[in-house]
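Source file target-v3.cif; content: mmCIF, C-alpha atoms and all ligand atoms.
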```
data_query
loop_
_atom_site.group_PDB
_atom_site.id
_atom_site.type_symbol
_atom_site.label_atom_id
_atom_site.label_comp_id
_atom_site.auth_asym_id
_atom_site.auth_seq_id
_atom_site.Cartn_x
_atom_site.Cartn_y
_atom_site.Cartn_z
ATOM 1 C CA MET A 1 18.425 19.440 -81.522
ATOM 2 C CA ARG A 2 15.295 19.162 -83.621
ATOM 3 C CA SER A 3 13.610 16.879 -81.040
ATOM 4 C CA ASN A 4 14.227 19.468 -78.276
ATOM 5 C CA ILE A 5 12.610 22.136 -80.408
ATOM 6 C CA LYS A 6 9.608 19.859 -80.979
ATOM 7 C CA GLU A 7 8.983 19.608 -77.240
ATOM 8 C CA LEU A 8 8.794 23.373 -76.706
ATOM 9 C CA PRO A 9 5.400 25.043 -76.801
ATOM 10 C CA ALA A 10 4.806 26.630 -80.191
ATOM 11 C CA ILE A 11 3.628 29.811 -78.514
ATOM 12 C CA SER A 12 3.450 30.962 -74.924
ATOM 13 C CA ILE A 13 1.380 34.086 -74.176
ATOM 14 C CA ASN A 14 2.115 35.499 -70.745
ATOM 15 C CA GLY A 15 0.170 38.244 -68.958
ATOM 16 C CA VAL A 16 -0.552 40.056 -72.208
ATOM 17 C CA TYR A 17 -2.402 43.370 -72.111
ATOM 18 C CA LYS A 18 -3.020 45.551 -75.159
ATOM 19 C CA SER A 19 -4.506 49.044 -75.174
ATOM 20 C CA PHE A 20 -5.163 51.352 -78.099
ATOM 21 C CA GLY A 21 -5.593 55.133 -77.876
ATOM 22 C CA LEU A 22 -5.296 57.463 -74.914
ATOM 23 C CA TYR A 23 -7.463 58.965 -72.159
ATOM 24 C CA GLU A 24 -11.170 58.946 -73.029
ATOM 25 C CA ASN A 25 -10.389 57.152 -76.324
ATOM 26 C CA LYS A 26 -8.474 54.331 -74.615
ATOM 27 C CA VAL A 27 -9.615 50.819 -75.543
ATOM 28 C CA ASP A 28 -8.390 47.884 -73.463
ATOM 29 C CA ALA A 29 -8.443 45.259 -76.224
ATOM 30 C CA LEU A 30 -6.682 42.504 -74.237
ATOM 31 C CA LYS A 31 -6.485 42.071 -70.478
ATOM 32 C CA ASN A 32 -4.126 39.596 -68.840
ATOM 33 C CA ILE A 33 -4.180 36.864 -71.496
ATOM 34 C CA ASN A 34 -2.261 33.677 -70.626
ATOM 35 C CA ILE A 35 -2.281 30.816 -73.131
ATOM 36 C CA GLU A 36 0.255 28.112 -73.895
ATOM 37 C CA ILE A 37 -0.138 26.527 -77.325
ATOM 38 C CA ALA A 38 1.580 23.188 -77.930
ATOM 39 C CA GLN A 39 3.126 22.313 -81.268
ATOM 40 C CA GLY A 40 0.642 20.491 -83.449
ATOM 41 C CA GLU A 41 -2.455 21.944 -81.765
ATOM 42 C CA PHE A 42 -5.498 22.945 -83.795
ATOM 43 C CA LEU A 43 -6.913 25.836 -81.785
ATOM 44 C CA ALA A 44 -10.120 27.772 -82.487
ATOM 45 C CA LEU A 45 -10.070 31.306 -81.065
ATOM 46 C CA CYS A 46 -13.653 32.427 -80.535
ATOM 47 C CA GLY A 47 -15.514 35.404 -79.139
ATOM 48 C CA PRO A 48 -17.917 38.134 -80.216
ATOM 49 C CA SER A 49 -16.971 40.808 -82.714
ATOM 50 C CA GLY A 50 -14.582 43.288 -81.104
ATOM 51 C CA SER A 51 -13.573 40.900 -78.297
ATOM 52 C CA GLY A 52 -9.865 41.005 -79.224
ATOM 53 C CA LYS A 53 -9.244 37.991 -81.460
ATOM 54 C CA SER A 54 -7.422 39.802 -84.291
ATOM 55 C CA THR A 55 -5.432 41.831 -81.781
ATOM 56 C CA LEU A 56 -4.259 38.600 -80.136
ATOM 57 C CA LEU A 57 -3.353 37.000 -83.487
ATOM 58 C CA ASN A 58 -1.306 40.090 -84.392
ATOM 59 C CA ILE A 59 0.535 39.956 -81.064
ATOM 60 C CA LEU A 60 1.278 36.240 -81.049
ATOM 61 C CA SER A 61 2.682 36.489 -84.576
ATOM 62 C CA GLY A 62 4.884 39.487 -83.765
ATOM 63 C CA ILE A 63 3.016 41.917 -86.033
ATOM 64 C CA ASP A 64 2.037 44.049 -83.047
ATOM 65 C CA LYS A 65 3.515 44.414 -79.562
ATOM 66 C CA PRO A 66 1.700 43.955 -76.260
ATOM 67 C CA SER A 67 1.346 46.977 -73.945
ATOM 68 C CA GLU A 68 2.332 44.642 -71.104
ATOM 69 C CA GLY A 69 3.347 40.989 -70.860
ATOM 70 C CA TYR A 70 5.278 38.940 -73.384
ATOM 71 C CA VAL A 71 5.061 36.229 -76.022
ATOM 72 C CA LEU A 72 7.503 33.383 -76.582
ATOM 73 C CA PHE A 73 7.377 32.096 -80.147
ATOM 74 C CA LEU A 74 9.293 28.799 -80.424
ATOM 75 C CA ASN A 75 11.030 29.909 -77.233
ATOM 76 C CA LYS A 76 12.081 33.287 -78.676
ATOM 77 C CA LEU A 77 11.036 36.379 -76.746
ATOM 78 C CA LEU A 78 9.361 38.456 -79.458
ATOM 79 C CA ARG A 79 9.458 41.635 -77.342
ATOM 80 C CA ASP A 80 13.251 41.835 -77.512
ATOM 81 C CA LEU A 81 13.731 41.056 -81.195
ATOM 82 C CA PRO A 82 14.539 43.753 -83.769
ATOM 83 C CA GLU A 83 12.145 44.096 -86.715
ATOM 84 C CA THR A 84 14.534 42.241 -89.058
ATOM 85 C CA ASP A 85 14.452 39.145 -86.807
ATOM 86 C CA LEU A 86 10.669 39.377 -86.470
ATOM 87 C CA ALA A 87 10.410 39.521 -90.268
ATOM 88 C CA THR A 88 12.604 36.417 -90.523
ATOM 89 C CA ILE A 89 10.431 34.537 -88.021
ATOM 90 C CA ARG A 90 7.305 35.495 -89.984
ATOM 91 C CA SER A 91 8.760 34.468 -93.339
ATOM 92 C CA LYS A 92 10.257 31.167 -92.090
ATOM 93 C CA HIS A 93 8.022 29.865 -89.329
ATOM 94 C CA LEU A 94 4.596 31.467 -89.838
ATOM 95 C CA GLY A 95 1.924 31.124 -92.492
ATOM 96 C CA PHE A 96 -1.055 33.489 -92.680
ATOM 97 C CA ILE A 97 -4.551 32.855 -94.022
ATOM 98 C CA PHE A 98 -7.052 35.721 -94.227
ATOM 99 C CA GLN A 99 -10.821 36.013 -94.522
ATOM 100 C CA PHE A 100 -10.603 37.815 -97.880
ATOM 101 C CA PHE A 101 -7.777 35.596 -99.218
ATOM 102 C CA ASN A 102 -5.413 38.548 -99.954
ATOM 103 C CA LEU A 103 -4.251 37.091 -103.260
ATOM 104 C CA ILE A 104 -2.587 39.331 -105.838
ATOM 105 C CA PRO A 105 -5.237 39.757 -108.557
ATOM 106 C CA VAL A 106 -2.843 40.173 -111.515
ATOM 107 C CA LEU A 107 -0.921 36.969 -110.719
ATOM 108 C CA ASN A 108 -2.202 33.487 -111.492
ATOM 109 C CA ALA A 109 -2.600 30.844 -108.769
ATOM 110 C CA PHE A 110 0.891 29.437 -109.325
ATOM 111 C CA ASP A 111 2.580 32.848 -109.114
ATOM 112 C CA ASN A 112 0.614 33.766 -105.987
ATOM 113 C CA VAL A 113 2.344 30.850 -104.272
ATOM 114 C CA PHE A 114 5.669 31.047 -106.116
ATOM 115 C CA TYR A 115 6.574 34.754 -105.753
ATOM 116 C CA PRO A 116 6.295 35.003 -101.955
ATOM 117 C CA LEU A 117 8.553 31.932 -101.708
ATOM 118 C CA VAL A 118 11.215 33.475 -103.927
ATOM 119 C CA LEU A 119 10.892 36.949 -102.433
ATOM 120 C CA ASN A 120 11.277 35.781 -98.845
ATOM 121 C CA GLY A 121 14.801 34.763 -99.807
ATOM 122 C CA HIS A 122 14.784 31.256 -98.326
ATOM 123 C CA PHE A 123 14.344 29.331 -101.612
ATOM 124 C CA ASP A 124 15.894 29.465 -105.057
ATOM 125 C CA ALA A 125 13.637 29.579 -108.119
ATOM 126 C CA LYS A 126 13.874 25.845 -108.797
ATOM 127 C CA SER A 127 12.867 24.674 -105.335
ATOM 128 C CA ALA A 128 10.233 27.435 -105.116
ATOM 129 C CA ARG A 129 8.719 26.159 -108.372
ATOM 130 C CA GLU A 130 8.662 22.560 -107.084
ATOM 131 C CA ARG A 131 7.141 23.612 -103.780
ATOM 132 C CA SER A 132 4.486 25.754 -105.462
ATOM 133 C CA LEU A 133 3.395 22.860 -107.673
ATOM 134 C CA HIS A 134 3.454 20.398 -104.804
ATOM 135 C CA PHE A 135 1.359 22.552 -102.473
ATOM 136 C CA LEU A 136 -1.135 23.598 -105.174
ATOM 137 C CA ASP A 137 -1.515 19.894 -105.914
ATOM 138 C CA SER A 138 -2.032 19.103 -102.219
ATOM 139 C CA VAL A 139 -4.966 21.570 -102.036
ATOM 140 C CA GLY A 140 -6.421 20.080 -105.230
ATOM 141 C CA LEU A 141 -5.653 23.026 -107.515
ATOM 142 C CA ALA A 142 -2.784 21.849 -109.714
ATOM 143 C CA ASP A 143 -5.039 21.905 -112.798
ATOM 144 C CA LEU A 144 -6.177 25.489 -112.172
ATOM 145 C CA ARG A 145 -2.743 26.943 -111.528
ATOM 146 C CA ASP A 146 -2.835 29.225 -114.579
ATOM 147 C CA ARG A 147 -6.038 30.950 -113.485
ATOM 148 C CA LYS A 148 -6.048 34.374 -111.863
ATOM 149 C CA PRO A 149 -7.992 34.857 -108.603
ATOM 150 C CA GLY A 150 -10.894 36.489 -110.457
ATOM 151 C CA GLN A 151 -11.327 33.272 -112.457
ATOM 152 C CA LEU A 152 -11.572 31.116 -109.303
ATOM 153 C CA SER A 153 -14.428 30.559 -106.840
ATOM 154 C CA GLY A 154 -14.111 31.795 -103.236
ATOM 155 C CA GLY A 155 -13.279 28.289 -102.024
ATOM 156 C CA GLN A 156 -10.658 27.852 -104.743
ATOM 157 C CA GLN A 157 -9.107 31.239 -103.912
ATOM 158 C CA GLN A 158 -8.910 30.234 -100.262
ATOM 159 C CA ARG A 159 -7.171 26.991 -101.325
ATOM 160 C CA VAL A 160 -4.557 29.027 -103.185
ATOM 161 C CA ALA A 161 -4.120 31.129 -100.042
ATOM 162 C CA ILE A 162 -3.713 27.933 -97.996
ATOM 163 C CA ALA A 163 -1.073 26.640 -100.436
ATOM 164 C CA ARG A 164 0.720 29.997 -100.136
ATOM 165 C CA ALA A 165 0.556 29.852 -96.324
ATOM 166 C CA LEU A 166 1.992 26.310 -96.278
ATOM 167 C CA ALA A 167 4.542 26.341 -99.096
ATOM 168 C CA HIS A 168 7.494 27.293 -96.864
ATOM 169 C CA GLU A 169 6.395 24.607 -94.345
ATOM 170 C CA PRO A 170 5.928 26.912 -91.366
ATOM 171 C CA GLN A 171 5.594 25.492 -87.870
ATOM 172 C CA VAL A 172 2.593 27.716 -87.140
ATOM 173 C CA VAL A 173 -0.309 28.838 -89.314
ATOM 174 C CA VAL A 174 -2.393 31.777 -88.123
ATOM 175 C CA ALA A 175 -5.770 32.170 -89.781
ATOM 176 C CA ASP A 176 -8.147 35.106 -89.247
ATOM 177 C CA GLU A 177 -11.701 33.970 -90.114
ATOM 178 C CA PRO A 178 -10.574 31.678 -92.960
ATOM 179 C CA THR A 179 -14.110 30.425 -93.644
ATOM 180 C CA GLY A 180 -15.853 33.723 -92.884
ATOM 181 C CA ASN A 181 -16.321 34.666 -96.539
ATOM 182 C CA LEU A 182 -17.350 31.191 -97.766
ATOM 183 C CA ASP A 183 -20.725 29.470 -97.912
ATOM 184 C CA GLN A 184 -21.295 26.636 -95.439
ATOM 185 C CA ALA A 185 -20.380 23.723 -97.744
ATOM 186 C CA THR A 186 -17.259 25.453 -99.096
ATOM 187 C CA GLY A 187 -16.270 26.508 -95.590
ATOM 188 C CA GLU A 188 -16.593 22.908 -94.443
ATOM 189 C CA ALA A 189 -14.400 21.678 -97.310
ATOM 190 C CA VAL A 190 -11.730 24.258 -96.401
ATOM 191 C CA LEU A 191 -11.973 23.188 -92.753
ATOM 192 C CA ASP A 192 -11.566 19.514 -93.782
ATOM 193 C CA LEU A 193 -8.423 20.513 -95.664
ATOM 194 C CA LEU A 194 -6.939 22.443 -92.722
ATOM 195 C CA LEU A 195 -7.640 19.540 -90.334
ATOM 196 C CA LYS A 196 -6.084 17.067 -92.765
ATOM 197 C CA ILE A 197 -2.939 19.192 -93.081
ATOM 198 C CA ASN A 198 -2.763 19.530 -89.286
ATOM 199 C CA GLN A 199 -3.007 15.767 -88.836
ATOM 200 C CA GLN A 200 -0.580 14.901 -91.643
ATOM 201 C CA THR A 201 2.118 17.482 -90.956
ATOM 202 C CA GLY A 202 1.741 18.413 -87.271
ATOM 203 C CA THR A 203 1.578 22.095 -88.219
ATOM 204 C CA THR A 204 0.099 24.189 -85.402
ATOM 205 C CA PHE A 205 -3.077 26.043 -86.412
ATOM 206 C CA ILE A 206 -4.484 29.047 -84.541
ATOM 207 C CA ILE A 207 -7.731 30.108 -86.138
ATOM 208 C CA SER A 208 -10.013 32.974 -85.160
ATOM 209 C CA THR A 209 -13.571 32.107 -86.063
ATOM 210 C CA HIS A 210 -17.292 32.621 -85.586
ATOM 211 C CA SER A 211 -17.972 29.242 -87.213
ATOM 212 C CA THR A 212 -19.807 26.673 -85.083
ATOM 213 C CA GLN A 213 -18.475 23.857 -87.264
ATOM 214 C CA LEU A 214 -14.922 24.954 -86.720
ATOM 215 C CA LYS A 215 -15.423 25.248 -82.939
ATOM 216 C CA GLU A 216 -16.954 21.769 -82.845
ATOM 217 C CA ARG A 217 -14.129 20.155 -84.768
ATOM 218 C CA ALA A 218 -11.158 22.016 -83.290
ATOM 219 C CA GLN A 219 -8.965 20.130 -80.851
ATOM 220 C CA ARG A 220 -9.012 23.102 -78.470
ATOM 221 C CA VAL A 221 -11.374 26.063 -78.118
ATOM 222 C CA VAL A 222 -10.337 29.335 -76.485
ATOM 223 C CA GLU A 223 -12.896 32.081 -76.045
ATOM 224 C CA ILE A 224 -12.201 35.757 -75.449
ATOM 225 C CA ARG A 225 -14.857 38.174 -74.185
ATOM 226 C CA ASP A 226 -14.202 41.887 -73.739
ATOM 227 C CA GLY A 227 -10.486 41.253 -74.027
ATOM 228 C CA GLU A 228 -10.426 38.618 -71.270
ATOM 229 C CA LEU A 229 -9.927 34.885 -71.466
ATOM 230 C CA ALA A 230 -13.440 33.564 -70.825
ATOM 231 C CA TYR A 231 -12.995 29.867 -71.633
ATOM 232 C CA ASP A 232 -10.204 27.461 -72.509
ATOM 233 C CA SER A 233 -11.194 23.859 -73.225
ATOM 234 C CA ALA A 234 -7.663 22.772 -72.222
ATOM 235 C CA GLN A 235 -8.144 24.007 -68.635
HETATM 236 N N1 LIG A 301 -5.539 49.864 -84.262
HETATM 237 C C1 LIG A 301 -6.558 50.012 -83.398
HETATM 238 N N2 LIG A 301 -6.824 51.228 -82.859
HETATM 239 C C2 LIG A 301 -7.817 51.395 -81.959
HETATM 240 N N3 LIG A 301 -8.622 50.405 -81.536
HETATM 241 C C3 LIG A 301 -8.417 49.175 -82.036
HETATM 242 C C4 LIG A 301 -7.378 48.915 -82.993
HETATM 243 N N4 LIG A 301 -7.410 47.586 -83.303
HETATM 244 C C5 LIG A 301 -8.424 47.059 -82.584
HETATM 245 N N5 LIG A 301 -9.020 48.006 -81.824
HETATM 246 C C6 LIG A 301 -10.136 47.797 -80.873
HETATM 247 O O1 LIG A 301 -9.775 46.702 -80.040
HETATM 248 C C7 LIG A 301 -10.918 45.880 -79.779
HETATM 249 C C8 LIG A 301 -10.628 44.450 -80.267
HETATM 250 O O2 LIG A 301 -10.596 44.447 -81.698
HETATM 251 P P1 LIG A 301 -10.272 43.130 -82.563
HETATM 252 O O3 LIG A 301 -10.199 43.553 -83.982
HETATM 253 O O4 LIG A 301 -9.090 42.463 -81.970
HETATM 254 O O5 LIG A 301 -11.579 42.261 -82.305
HETATM 255 P P2 LIG A 301 -12.052 40.905 -82.998
HETATM 256 O O6 LIG A 301 -12.467 40.009 -81.890
HETATM 257 O O7 LIG A 301 -10.993 40.428 -83.930
HETATM 258 O O8 LIG A 301 -13.329 41.377 -83.829
HETATM 259 P P3 LIG A 301 -13.985 40.757 -85.186
HETATM 260 O O9 LIG A 301 -14.542 39.408 -84.808
HETATM 261 O O10 LIG A 301 -15.071 41.760 -85.498
HETATM 262 O O11 LIG A 301 -12.899 40.714 -86.222
HETATM 263 C C9 LIG A 301 -12.090 46.555 -80.478
HETATM 264 O O12 LIG A 301 -12.758 47.371 -79.545
HETATM 265 C C10 LIG A 301 -11.425 47.384 -81.548
HETATM 266 O O13 LIG A 301 -12.236 48.491 -81.889
#
```
Rewrite the structure of this file - the entire thing - as structure tokens.
Amino acid sequence: MRSNIKELPAISINGVYKSFGLYENKVDALKNINIEIAQGEFLALCGPSGSGKSTLLNILSGIDKPSEGYVLFLNKLLRDLPETDLATIRSKHLGFIFQFFNLIPVLNAFDNVFYPLVLNGHFDAKSARERSLHFLDSVGLADLRDRKPGQLSGGQQQRVAIARALAHEPQVVVADEPTGNLDQATGEAVLDLLLKINQQTGTTFIISTHSTQLKERAQRVVEIRDGELAYDSAQ
């Protein structure tokens, strides 16, 4: 059963259009996007500001719905799922990493990883504690687990966010500009970490980015311009 699941594409995006607003305010953010993403891929999603990258990430992770077309996530048709099922998919199979880390400032590093695990209802406190320690250790932050985000550097905060995104061992990690708020050296270290995790665990990564380094090192590069697929290194 598990081996069949492994052979399915992680995500299949089919004829996706997305518009915002109406009449003279209408913005066509995505136009006929077709992308199949295999499990284990490390994909950089590129394009100028406003080209539609965040819109596409929101649609492929079931946060937003396409105006037309459909997305299969691990062979499930997101369009037809009720919000409770979408929430379950997000909490079990997806991890999110953001440009501004989105850590909870009053919680220390450990609790920023631990609480989402407990609250998503898939782990009891004991296994959530073990997972939190394990994943903080794997991003090199076990010793700093008692520090709050304000007592950590940008790179360290992003490592906490990566541990949080990975701690439930999702099949797919979606990252929106994960190195966009980091200096070049720190951004490169975070990229090294993401590539290492991808190679060690086979987790699929879909990363929107303006970073040349990330584009150069990604297994696959997809570029969107004005809402259209302009380039796909896999084609
Ligand atoms: N909720 C919304 N309402 C109206 N327009 C929107 C909305 N979200 C996005 N847009 C528009 O859709 C287009 C694509 O935006 P999107 O945020 O996906 O671009 P992006 O490539 O992620 O940009 P950036 O690199 O600056 O983050 C833009 O013209 C944007 O203004």
Box for ligand LIG 301 (chain A) - axis-aligned, 4 Å on each of the six sides, all listed atoms - centre and size in Å to one decimal, as lines of an AutoDock Vina configuration file.
```
center_x = -10.3
center_y = 45.4
center_z = -82.9
size_x = 17.5
size_y = 20.0
size_z = 14.7
```
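In this model, the gap between atom C7 of ligand LIG 301 (chain A) and atom CA of Leu78 of chain A comes to 21.6 Å.
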Residues matched by the PyMOL selection byres (((chain A and resi 138-151) around 9) and not hetatm), written as a PyMOL selection string: chain A and resi 103-112+133-137+152-154+156-157+159-160+162-163+193
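From atom CA of Gly47 of chain A back to atom CA of Asn181 of chain A, the distance works out to 17.4 Å.
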Could I get the residues of chain A with an atom no further than 8 Å from an atom of ligand LIG 301 (chain A), each paired with its nearest atom pair and that distance in Å to one decimal, using all atoms listed in the file, sorted by chain and residue number, as a tab-separated table?
```
residue	atom	partner	partner_atom	distance
A:Ser19	CA	A:LIG301	O1	7.5
A:Phe20	CA	A:LIG301	C2	4.7
A:Gly21	CA	A:LIG301	C2	6.0
A:Lys26	CA	A:LIG301	C2	7.9
A:Val27	CA	A:LIG301	N3	6.1
A:Asp28	CA	A:LIG301	O1	6.8
A:Ala29	CA	A:LIG301	O1	4.3
A:Leu30	CA	A:LIG301	C8	7.5
A:Cys46	CA	A:LIG301	O6	7.8
A:Gly47	CA	A:LIG301	O6	6.2
A:Pro48	CA	A:LIG301	O9	5.8
A:Ser49	CA	A:LIG301	O9	3.5
A:Gly50	CA	A:LIG301	O5	3.4
A:Ser51	CA	A:LIG301	O6	3.9
A:Gly52	CA	A:LIG301	O4	3.2
A:Lys53	CA	A:LIG301	O6	3.8
A:Ser54	CA	A:LIG301	O7	3.6
A:Thr55	CA	A:LIG301	O4	3.7
A:Leu56	CA	A:LIG301	O4	6.5
A:Asp176	CA	A:LIG301	O11	7.9
A:Glu177	CA	A:LIG301	O11	7.9
A:Ser208	CA	A:LIG301	O7	7.6
A:Thr209	CA	A:LIG301	O9	7.5
A:His210	CA	A:LIG301	O9	7.4
A:Ile224	CA	A:LIG301	O6	7.7
A:Asp226	CA	A:LIG301	C8	7.9
A:Gly227	CA	A:LIG301	C8	7.0
```
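The spacing separating atom CA of Asp85 of chain A from atom CA of Phe114 of chain A amounts to 22.7 Å.
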Since the input is missing atoms for segment 146-157 of chain A, could you rebuild it with N, CA and C atoms and give the result as an mmCIF file, keeping the file's coordinate frame?
```
data_model
loop_
_atom_site.group_PDB
_atom_site.id
_atom_site.type_symbol
_atom_site.label_atom_id
_atom_site.label_comp_id
_atom_site.auth_asym_id
_atom_site.auth_seq_id
_atom_site.Cartn_x
_atom_site.Cartn_y
_atom_site.Cartn_z
ATOM 1 N N ASP A 146 -3.019 28.088 -113.671
ATOM 2 C CA ASP A 146 -2.835 29.225 -114.579
ATOM 3 C C ASP A 146 -3.942 30.274 -114.455
ATOM 4 N N ARG A 147 -4.940 29.984 -113.620
ATOM 5 C CA ARG A 147 -6.038 30.950 -113.485
ATOM 6 C C ARG A 147 -5.706 32.052 -112.497
ATOM 7 N N LYS A 148 -6.196 33.250 -112.801
ATOM 8 C CA LYS A 148 -6.048 34.374 -111.863
ATOM 9 C C LYS A 148 -7.160 34.295 -110.815
ATOM 10 N N PRO A 149 -6.980 34.954 -109.665
ATOM 11 C CA PRO A 149 -7.992 34.857 -108.603
ATOM 12 C C PRO A 149 -9.407 35.146 -109.089
ATOM 13 N N GLY A 150 -9.564 36.138 -109.959
ATOM 14 C CA GLY A 150 -10.894 36.489 -110.457
ATOM 15 C C GLY A 150 -11.553 35.381 -111.264
ATOM 16 N N GLN A 151 -10.764 34.398 -111.691
ATOM 17 C CA GLN A 151 -11.327 33.272 -112.457
ATOM 18 C C GLN A 151 -11.526 32.034 -111.573
ATOM 19 N N LEU A 152 -11.407 32.234 -110.252
ATOM 20 C CA LEU A 152 -11.572 31.116 -109.303
ATOM 21 C C LEU A 152 -12.722 31.427 -108.346
ATOM 22 N N SER A 153 -13.376 30.368 -107.849
ATOM 23 C CA SER A 153 -14.428 30.559 -106.840
ATOM 24 C C SER A 153 -13.784 30.974 -105.509
ATOM 25 N N GLY A 154 -14.630 31.412 -104.558
ATOM 26 C CA GLY A 154 -14.111 31.795 -103.236
ATOM 27 C C GLY A 154 -13.354 30.658 -102.574
ATOM 28 N N GLY A 155 -13.934 29.447 -102.647
ATOM 29 C CA GLY A 155 -13.279 28.289 -102.024
ATOM 30 C C GLY A 155 -11.949 27.975 -102.688
ATOM 31 N N GLN A 156 -11.919 28.114 -104.027
ATOM 32 C CA GLN A 156 -10.658 27.852 -104.743
ATOM 33 C C GLN A 156 -9.619 28.927 -104.396
ATOM 34 N N GLN A 157 -10.061 30.174 -104.290
ATOM 35 C CA GLN A 157 -9.107 31.239 -103.912
ATOM 36 C C GLN A 157 -8.543 30.971 -102.511
#
```
